[in-house]
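Here the structure comes first, spelled out in structure tokens, and everything after it is commentary.
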Amino acid sequence: MVILKEGKDEDGNAAVISHRETAQSKKFGKQVRAINKFLREADIEIAGQDKSGPSLGKDGHVIAPYRRSLRRIFNNGTWQHGGRLAGAAFWLWMERTERKRIRIDGQRVAEVDYGQLFPRLAYVRAGAPQPEGDLYDIFGNRTGRDGCKKLMNALLFSRGPLKNWPEDTHRHFPDGTNLRTAIEMLSAKHAPIAHLFGKGLGFQLMRIESDMLIEVLTELSAAGVTALPLHDAVLVAKSHMGVAQEAMGAVFRRWSRSPCAIVSVKIHQ
């Protein structure tokens with residue numbers, strides 16, 4: 001249920017570390033077992049699969065509604081890094097466009113997710129007020145937003161100065177923009193957290209993100225609401241999207257002590 005991994009090697013692989021059980025790891029395991037128990041008993045289906053049978057998703061994983069088991073994986077040999085829910089759970093391996101086939105309690109699903117969570121948690125870490133608006137919209141008209149998002153997250157994860165553009169990022173910036181200029185733009189826009197860029201903070205923020213999602217899932221299951229986790233989002237039945245949105249907003253407010261929680265809802269049609 002709970003896995004501790006080493007840092008990734010140069011090939012991108014991370015070995016599992018044998019760990020001694022502690023009160024903390026036992027607590028993590030208990031939380032995941034409770035979530036898995038609730039999901040095992042939930043009414044979850046994939047529309048149209050009775051006729052076609054199970055399909056294969058990303059990396060060849062079987063997409064079948066009985067595959068619901070989650071694990072919590074911590075990174076870099078410490079309980080303070082990572083902690084995201086992962087495993088063979090089918091929805092984690094579905095293409096985004098295919099999730100419209102999921103049915104919870106016989107209903108279409110809505111995806112409820114935190115907006116700009118990593119930079120917002122960085123503002124919490126810096127003790128700075130939460131800005132309003134879209135933190136990735138550096139140019140003010142949503143032009144280049146995807147590139148700004150990738151670059152900012154790379155800066156939060158990197159240790160030391162970023163030497164190369166993150167993959168598929170440069171094309172989102174105006175022609176002639178070099179990496180140094182792009183970083184200076186982000187640093188100017190987000191001066192209160194610019195000192196955190198290049199400090200390798202990302203996995204610590206991921207740990208906070210995962211703790212928040214565990215809290216959201218626990219609250220929703222206590223309310224009888226089935227929620228399928230997706231890192232910083234949940235899939236819920238359409239009729240429960242308001243409940244999920246409120247729960248996620250409340251959890252963010254508790255963690256940040258700020259009323260500025262950006263929680264969006266998208267219905268998978």
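Here, A, B, ... name the chains of the structure tokens in the order displayed, residue numbers run from 1 inside each chain, and ligands are numbered from 1 in the same displayed order.
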Compile the contact shell of A:Ala128 as a PyMOL selection string: residues with an atom at most 12 Å away, counting only C-alpha atoms, same-chain residues fewer than 3 positions apart removed. chain A and resi 119-125+131+190-194+256-258
Could you take the residues named above and write them with C-alpha atoms, as a compact mmCIF listing (two decimals), in the first residue's frame?
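The file below, selection.txt, is the result:
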```txt
# COMPACT_ATOMS: atom_id res chain seq x y z
CA PRO A 119 2.93 27.70 -7.54
CA ARG A 120 0.13 28.43 -5.07
CA LEU A 121 1.72 26.06 -2.56
CA ALA A 122 5.03 27.82 -3.22
CA TYR A 123 3.34 31.08 -2.19
CA VAL A 124 2.23 29.33 1.00
CA ARG A 125 5.81 28.17 1.62
CA PRO A 131 -2.30 36.34 -6.06
CA HIS A 190 6.20 36.06 -9.22
CA ALA A 191 8.79 37.96 -7.21
CA PRO A 192 7.52 36.66 -3.82
CA ILE A 193 8.47 33.08 -4.77
CA ALA A 194 11.34 33.70 -7.19
CA SER A 256 -2.96 27.77 2.99
CA ARG A 257 -4.93 29.90 5.46
CA SER A 258 -6.05 31.76 2.37
```
Would you list the contacts of stretch 44-46 of chain A as an MDAnalysis selection string, taking every protein, DNA or RNA residue within 7 Å and counting only C-alpha atoms, but skipping same-chain residues closer than 6 positions in sequence? chainID A and resid 65 101:105
Export of prior selection with N, CA, C and O atoms as a PDB file, in the first residue's frame:
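Heads up, here's the output in again.pdb:
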```
ATOM      1  N   PRO A  65     -12.953  -1.942 -15.118  1.00  0.00           N
ATOM      2  CA  PRO A  65     -13.483  -1.281 -13.917  1.00  0.00           C
ATOM      3  C   PRO A  65     -13.163  -1.985 -12.603  1.00  0.00           C
ATOM      4  O   PRO A  65     -13.283  -1.375 -11.543  1.00  0.00           O
ATOM      5  N   ARG A 101     -16.024   7.949 -20.763  1.00  0.00           N
ATOM      6  CA  ARG A 101     -16.755   6.675 -20.722  1.00  0.00           C
ATOM      7  C   ARG A 101     -16.977   6.179 -19.309  1.00  0.00           C
ATOM      8  O   ARG A 101     -17.753   5.231 -19.090  1.00  0.00           O
ATOM      9  N   ILE A 102     -16.325   6.775 -18.333  1.00  0.00           N
ATOM     10  CA  ILE A 102     -16.476   6.338 -16.940  1.00  0.00           C
ATOM     11  C   ILE A 102     -17.860   6.735 -16.429  1.00  0.00           C
ATOM     12  O   ILE A 102     -18.346   7.834 -16.681  1.00  0.00           O
ATOM     13  N   ARG A 103     -18.470   5.827 -15.707  1.00  0.00           N
ATOM     14  CA  ARG A 103     -19.751   6.096 -15.051  1.00  0.00           C
ATOM     15  C   ARG A 103     -19.609   5.790 -13.558  1.00  0.00           C
ATOM     16  O   ARG A 103     -19.137   4.713 -13.180  1.00  0.00           O
ATOM     17  N   ILE A 104     -19.996   6.748 -12.729  1.00  0.00           N
ATOM     18  CA  ILE A 104     -20.030   6.555 -11.275  1.00  0.00           C
ATOM     19  C   ILE A 104     -21.476   6.699 -10.835  1.00  0.00           C
ATOM     20  O   ILE A 104     -22.134   7.691 -11.155  1.00  0.00           O
ATOM     21  N   ASP A 105     -21.980   5.687 -10.147  1.00  0.00           N
ATOM     22  CA  ASP A 105     -23.393   5.658  -9.755  1.00  0.00           C
ATOM     23  C   ASP A 105     -24.296   5.834 -10.971  1.00  0.00           C
ATOM     24  O   ASP A 105     -25.355   6.464 -10.906  1.00  0.00           O
TER      25      ASP A 105
END
```
Write out as a count of residues only all residues of stretch 172-232 of chain A that DSSP puts in alpha helix (DSSP H) for this structure's backbone. 32
Give one line per residue of stretch 163-212 of chain A that approaches stretch 68-76 of chain A to at most 12 Å, naming the two atoms of the closest pair and their distance in Å to one decimal, counting only C-alpha atoms; sort by chain then ascending residue number and deliver it as a Markdown table.
```
| residue | atom | partner | partner_atom | distance |
| --- | --- | --- | --- | --- |
| A:Gly200 | CA | A:Asn76 | CA | 11.7 |
| A:Gly202 | CA | A:Asn75 | CA | 11.2 |
| A:Phe203 | CA | A:Asn75 | CA | 7.7 |
| A:Gln204 | CA | A:Asn75 | CA | 9.8 |
| A:Met206 | CA | A:Phe74 | CA | 9.6 |
| A:Arg207 | CA | A:Phe74 | CA | 8.1 |
| A:Ile208 | CA | A:Phe74 | CA | 11.7 |
| A:Ser210 | CA | A:Arg72 | CA | 8.8 |
| A:Asp211 | CA | A:Arg72 | CA | 10.4 |
```
So that I have them on file, write out the residues from the current selection with C-alpha atoms, as a compact mmCIF listing (two decimals), in the first residue's frame.
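Okay, this is what ended up in selection.txt:
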```txt
# COMPACT_ATOMS: atom_id res chain seq x y z
CA GLY A 200 14.47 21.51 -5.64
CA GLY A 202 8.96 20.33 -6.24
CA PHE A 203 8.87 16.97 -4.49
CA GLN A 204 8.09 18.68 -1.17
CA MET A 206 4.09 17.15 -4.29
CA ARG A 207 4.00 15.72 -0.77
CA ILE A 208 1.69 18.54 0.32
CA SER A 210 -0.78 14.31 -2.00
CA ASP A 211 -1.67 14.98 1.65
```
Go through A:Glu10, A:Asp146, A:Leu4, A:Ala23 and flag the residue nearest A:His170, using only C-alpha atoms for the distances. A:Asp146
Looking at only C-alpha atoms, which of A:Ala126, A:Ala261, A:Ala247, A:Leu228 is the one that sits closest to A:Leu85? A:Leu228
Within 10 Å of A:Lys189, counting only C-alpha atoms, which residues qualify if same-chain residues fewer than 6 places away don't, as an MDAnalysis selection string? chainID A and resid 135:139 183
Between A:Ile17, A:Leu205, A:Ala250, A:Met94, which one has atoms that come closest to A:Ile262, using only C-alpha atoms?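 Smallest distance to A:Ile262 is found for A:Ala250.
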Cut-off 12 Å: closest stretch 154-195 of chain A/stretch 109-118 of chain A atom pairs per residue, using only C-alpha atoms, as a tab-separated table:
```
residue	atom	partner	partner_atom	distance
A:Ala154	CA	A:Phe118	CA	10.8
A:Leu155	CA	A:Phe118	CA	11.0
A:Leu156	CA	A:Phe118	CA	8.2
A:Phe157	CA	A:Phe118	CA	10.2
A:Ile193	CA	A:Phe118	CA	11.3
```
Would you mind writing down, as a ChimeraX atom specification, each residue of stretch 34-248 of chain A that DSSP on the backbone assigns to strand (DSSP E)? /A:44-46,55-56,62-63,71-74,82-86,102-104,109-114,227-229,233-237
Please compute the atom CA of A:Cys260-atom CA of A:Glu246 distance, one decimal, in Å. 12.7 Å
For A:Met248, which residue out of A:Pro229, A:Gly127, A:Gly106, A:Gly144 is the nearest one, using only C-alpha atoms?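 The answer is A:Pro229, which sits nearest to A:Met248.
The space between atom CA of A:Ala34 and atom CA of A:Glu95 spans 26.7 Å.
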Distance query A:Phe28 at most 9 Å, only C-alpha atoms, self and fewer than 3 positions along chain excluded, as an MDAnalysis selection string: chainID A and resid 1:2 23:25 31:33 72
Atom CA of A:Leu230 sits from atom CA of A:Arg84 at a separation of 9.0 Å
Restricting the calculation to only C-alpha atoms, which member of A:Leu162, A:His19, A:Arg96, A:Ile214 is positioned closest to A:Lys266?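 The closest residue to A:Lys266 is A:Arg96.
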Pick out the closest residue to A:Val265 from this set: A:Pro166, A:Gly57, A:Gly160, A:Gly242. Count only C-alpha atoms.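 Among the listed residues, A:Gly242 lies closest to A:Val265.
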